[in-house]
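A short worksheet on the structure shown next.
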Amino acid sequence: MKAALPVKMGRVDKYFERAKTFLILEVEGHTIKNKHFFSVNPHQSNHGQLIKPFQNTGVKLIIVDKISAKANQALKESGFQVITGVRGPVTEAVQRIIHGRRLS
């Protein structure tokens with residue numbers, strides 16, 4: 001499964017809509033097989049523009065701390081699973097997700 005999360009300075013970025021950088025992870029079982037980053041300009045992106053890169057890379061899961069109801073709805077209507085309330089260092093947050101302990 002491919003997952004995406006907003007990142008800032010090695011941590012899960014607090015606000016989805018303000019994020020400038022996202023980490024895309026390919027996870028099999030409890031192992032991260034591949035990862036890469038992509039950047040966006042949050043001031044020029046609407047929800048549709050932000051969703052397209054996730055769709056193009058095969059992302060199915062969005063991992064966030066906080067997200068507006070409108071963005072959450074747009075993601076879900078586009079077929080994404082959204083996990084909220086995930087915070088902390090990216091490495092630890094990802095490990096909690098893939099091992100089933102999602103909240104800090």
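Residues are referred to by chain and number: the chain letter is A, B, ... according to the order shown in the structure tokens, the number counts from 1 in that chain, and ligands are numbered separately from 1 in the order shown.
Of the residues in region 9-40 of chain A, those given strand (DSSP E or B) by DSSP on the backbone are Arg11, Val12, Tyr15, Thr21, Phe22, Leu23, Ile24, Leu25, Glu26, Val27, Glu28, Thr31, Ile32, Lys33, Asn34, Lys35, His36, Phe37, Phe38 and Ser39 of chain A.
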Legend entry - Within 12 Å of region 48-53 of chain A using only C-alpha atoms, minus same-chain residues under 6 positions, as a ChimeraX atom specification: /A:4,6,16-24,37-42,59-62,70-80
Can those selected residues be exported to a file as an mmCIF file, in the first residue's frame so that it contains C-alpha atoms?
```cif
data_model
loop_
_atom_site.group_PDB
_atom_site.id
_atom_site.type_symbol
_atom_site.label_atom_id
_atom_site.label_comp_id
_atom_site.auth_asym_id
_atom_site.auth_seq_id
_atom_site.Cartn_x
_atom_site.Cartn_y
_atom_site.Cartn_z
ATOM 1 C CA ALA A 4 1.374 9.947 2.016
ATOM 2 C CA PRO A 6 2.813 15.971 5.203
ATOM 3 C CA PHE A 16 -2.440 19.206 5.986
ATOM 4 C CA GLU A 17 -3.533 22.263 3.995
ATOM 5 C CA ARG A 18 -0.432 24.283 4.915
ATOM 6 C CA ALA A 19 2.070 21.528 4.109
ATOM 7 C CA LYS A 20 4.747 22.243 1.542
ATOM 8 C CA THR A 21 6.327 18.776 1.480
ATOM 9 C CA PHE A 22 4.811 15.300 1.465
ATOM 10 C CA LEU A 23 6.459 11.936 1.990
ATOM 11 C CA ILE A 24 5.160 9.058 -0.145
ATOM 12 C CA PHE A 37 9.240 13.362 -1.275
ATOM 13 C CA PHE A 38 7.311 15.855 -3.361
ATOM 14 C CA SER A 39 6.715 19.542 -2.784
ATOM 15 C CA VAL A 40 3.672 21.727 -3.364
ATOM 16 C CA ASN A 41 2.878 25.399 -2.981
ATOM 17 C CA PRO A 42 0.040 25.388 -0.431
ATOM 18 C CA VAL A 59 -1.444 6.555 -2.892
ATOM 19 C CA LYS A 60 -4.406 5.011 -1.055
ATOM 20 C CA LEU A 61 -3.813 6.236 2.514
ATOM 21 C CA ILE A 62 -3.321 9.812 3.746
ATOM 22 C CA LYS A 70 -13.602 20.103 3.462
ATOM 23 C CA ALA A 71 -10.193 18.625 2.580
ATOM 24 C CA ASN A 72 -10.991 15.407 4.454
ATOM 25 C CA GLN A 73 -14.256 15.053 2.548
ATOM 26 C CA ALA A 74 -12.551 15.759 -0.804
ATOM 27 C CA LEU A 75 -9.948 13.071 -0.116
ATOM 28 C CA LYS A 76 -12.515 10.506 0.974
ATOM 29 C CA GLU A 77 -14.744 11.251 -2.039
ATOM 30 C CA SER A 78 -11.681 10.615 -4.215
ATOM 31 C CA GLY A 79 -11.240 7.159 -2.668
ATOM 32 C CA PHE A 80 -8.531 7.810 -0.078
#
```
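Residue neighbourhood of Leu25 (chain A), excluding near-sequence residues (fewer than 3 positions): Lys2, Ala3, Ala4, Ile32, Asn34, Lys35 and His36 of chain A, at 7 Å, using only C-alpha atoms.
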Restricted to C-alpha atoms, what would the selected residues look like written as a PDB file, in the first residue's frame?
```pdb
ATOM      1  CA  LYS A   2       1.155   3.528  -0.705  1.00  0.00           C
ATOM      2  CA  ALA A   3       0.678   6.217   1.921  1.00  0.00           C
ATOM      3  CA  ALA A   4       1.374   9.947   2.016  1.00  0.00           C
ATOM      4  CA  ILE A  32       8.828   0.355   4.057  1.00  0.00           C
ATOM      5  CA  ASN A  34      10.272   2.717  -1.041  1.00  0.00           C
ATOM      6  CA  LYS A  35       9.916   6.393  -0.152  1.00  0.00           C
ATOM      7  CA  HIS A  36      10.197   9.744  -1.877  1.00  0.00           C
TER       8      HIS A  36
END
```
Inset, instruction - Enumerate the residues of region 54-98 of chain A with a DSSP assignment of helix (DSSP H, G or I), computed from the backbone, and present them as a ChimeraX atom specification. - result: /A:54-56,69-77,90-98
For the selection you just gave me, I'd like the residues written to a file as a PDB file, in the first residue's frame, keeping C-alpha atoms.
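Listed below is the output, part_28.pdb:
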```pdb
ATOM      1  CA  PHE A  54      -1.528  11.327  -4.765  1.00  0.00           C
ATOM      2  CA  GLN A  55      -3.718   9.693  -7.410  1.00  0.00           C
ATOM      3  CA  ASN A  56      -0.892   9.712  -9.967  1.00  0.00           C
ATOM      4  CA  ALA A  69     -13.503  18.906   7.093  1.00  0.00           C
ATOM      5  CA  LYS A  70     -13.602  20.103   3.462  1.00  0.00           C
ATOM      6  CA  ALA A  71     -10.193  18.625   2.580  1.00  0.00           C
ATOM      7  CA  ASN A  72     -10.991  15.407   4.454  1.00  0.00           C
ATOM      8  CA  GLN A  73     -14.256  15.053   2.548  1.00  0.00           C
ATOM      9  CA  ALA A  74     -12.551  15.759  -0.804  1.00  0.00           C
ATOM     10  CA  LEU A  75      -9.948  13.071  -0.116  1.00  0.00           C
ATOM     11  CA  LYS A  76     -12.515  10.506   0.974  1.00  0.00           C
ATOM     12  CA  GLU A  77     -14.744  11.251  -2.039  1.00  0.00           C
ATOM     13  CA  VAL A  90       8.026  11.033  10.886  1.00  0.00           C
ATOM     14  CA  THR A  91       9.952   7.802  11.475  1.00  0.00           C
ATOM     15  CA  GLU A  92       8.124   7.082  14.745  1.00  0.00           C
ATOM     16  CA  ALA A  93       4.723   8.040  13.336  1.00  0.00           C
ATOM     17  CA  VAL A  94       5.174   5.760  10.332  1.00  0.00           C
ATOM     18  CA  GLN A  95       6.265   2.871  12.536  1.00  0.00           C
ATOM     19  CA  ARG A  96       3.179   3.362  14.760  1.00  0.00           C
ATOM     20  CA  ILE A  97       0.949   3.254  11.671  1.00  0.00           C
ATOM     21  CA  ILE A  98       2.454   0.157  10.091  1.00  0.00           C
TER      22      ILE A  98
END
```
Inset, instruction - May I have the residues within 7 Å of Ile63 (chain A) as a ChimeraX atom specification, using only C-alpha atoms and disregarding those fewer than 6 positions away in the same chain? - result: /A:4-5,82-84,86
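Closest approach to Thr31 (chain A) among A:Val7, A:Gln81, A:Met1, A:Ile67: A:Met1, based on only C-alpha atoms.
CA of Pro89 (chain A) lies 9.4 Å from CA of Lys8 (chain A).
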